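What follows is a set of notes on a single structure, which appears directly below.
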Amino acid sequence: MDSPPPFQHPLSGVQRKLEMRMQHYLDKSSPHSVYRWLALVAVLAIYSLRVWYLKGFYIVTYGLGIYNLNLLLGFLTPQVDPETEGPELPTKDNEEFRPFVRRLPEFKFWYASIKSVVIGLLMTFFSFFDVPVFWPILLMYWCILFVVTMKRQIKHMIKYRYIPFSFGKKKYTGKSDKPAQKDQSSQLEVRSARETYQTVKAAGWAKGASVMAAGASFETIGAVMRVETCSCSQARVCKPDSCLSSSSDEYGSTSSNIMDAGHRRMRAASGIAV
C-alpha cells in the first residue's frame, strides 16, 4: 500500500513564494551597494525619530547598538585570522596580490543590520518592550565598549599589516603612457649632447691643425740652417758629400737637434709619449 502524502500546511506554499520573491529582490539589489546603504540610513533615521518622539525603548536601542557593533567587528576582521591560523595576509610589497576577504561579507553585514533595525522599529509598537532604565549609563557603557573594541582591532591591523578594504591590484604604466614632458626633456638632452660632441670635435681639429703648423715651421727652420751651413755656394743646396768641414758638421748637428726638439714638441702637443 502506498503511504499517504505528508501533510502540508496551507500557508507553506504562500511562505515559500514570499521567500522566493524576497530572495529575488535581494539578488537584484546586490550590485547596488550605495542604494542599499542609503536605505539602511533612512530606516535608521525613522527608528531614531520614533525613539526620540516616544522618549522610551532605550533598552531596545542599546541591544541594537551592541548587535551592530558585533556585526561591524566581523566586517573588519579577516576570514582567516593570522593570529590563530597562520600568516595568510601579504606582509611585503613584492608578494602576490590577494584581496581582503572578510569574515562577514558586505552584503550579509548590510542585510543583518537593516533587518535588526526593522525588527527594533516593530518592537517600538509594543509597550511591554519599553523597560524603564537610566539611559545615560547605557550610552556611556556602549561608548566605552566601542572604543575598546576599535582600539583592539586597530592594533590587530597594525600587527599583521592589513587594511580591511581592497582597492584592486596595482597597475604599472608602460613607456607609451609616459607624459609628453618627459619625451621633450629627453630630446633636449640628446640635442645638447650632440652639440657638445660637435664642439669638442671642432676643437680637436683646430688643435691638430695648430700642431701640424708648428711642426712645419720647425722643419722649415732646420732646412734653412742646413742650407746656410752648406759650403756649396753655387746652388746653395745642402749636399752631405760636399759639406766636410767641422763647422758644417757642428751646424748640421745643431739643425738636427732643433728638428728633434720640434718633433718632441709636436708629439707632446698631440699627446704622444716620447
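Labels used: A, B, ... for chains in the order of the C-alpha cells, numbers from 1 for residues in each chain, and numbers from 1 for ligands as shown.
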
### Residues flagged alpha helix (DSSP H) by DSSP in stretch 15-184 of chain A, as a PyMOL selection string
chain A and resi 15-29+33-54+58-76+82-85+106-123+135-160+180-184

### Residue neighbourhood stretch 64-67 of chain A, 12 Å, only C-alpha atoms, exclusion window fewer than 6 positions, as a list in words
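Neighbouring residues, sequence-local ones excluded: Leu44, Tyr47, Ser48, Phe57, Tyr58, Leu73, Gly74, Phe109, Ala112, Ser113, Ile114, Lys115, Ser116, Val117, Val118, Ile119, Gly120, Leu121, Met123, Leu138, Leu139, Tyr141, Trp142, Cys143, Ile144, Leu145, Phe146 and Thr149 of chain A.
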
### Task
For atom CA of A:Gln153 and atom CA of A:Val43, determine how far apart the two atoms are, in Å to one decimal place.
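Computed distance, atom CA of A:Gln153 to atom CA of A:Val43, equals 27.8 Å.
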
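Near stretch 125-133 of chain A, within 10 Å and counting only C-alpha atoms, sit Arg50, Leu54, Lys55, Gly56, Phe57, Tyr58, Ile59 and Val60 of chain A; same-chain residues fewer than 6 positions away were not included.
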
### Query
What is the atom CA of A:Phe134-atom CA of A:Arg152 distance in Å, reported with one decimal?
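That distance, rounded to one decimal, is 28.3 Å.
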
#### Entry: Exercise: stretch 26-32 of chain A partners within 9 Å, only C-alpha atoms, chain neighbours under 5 positions left out, as a ChimeraX atom specification
/A:21,37,107,111
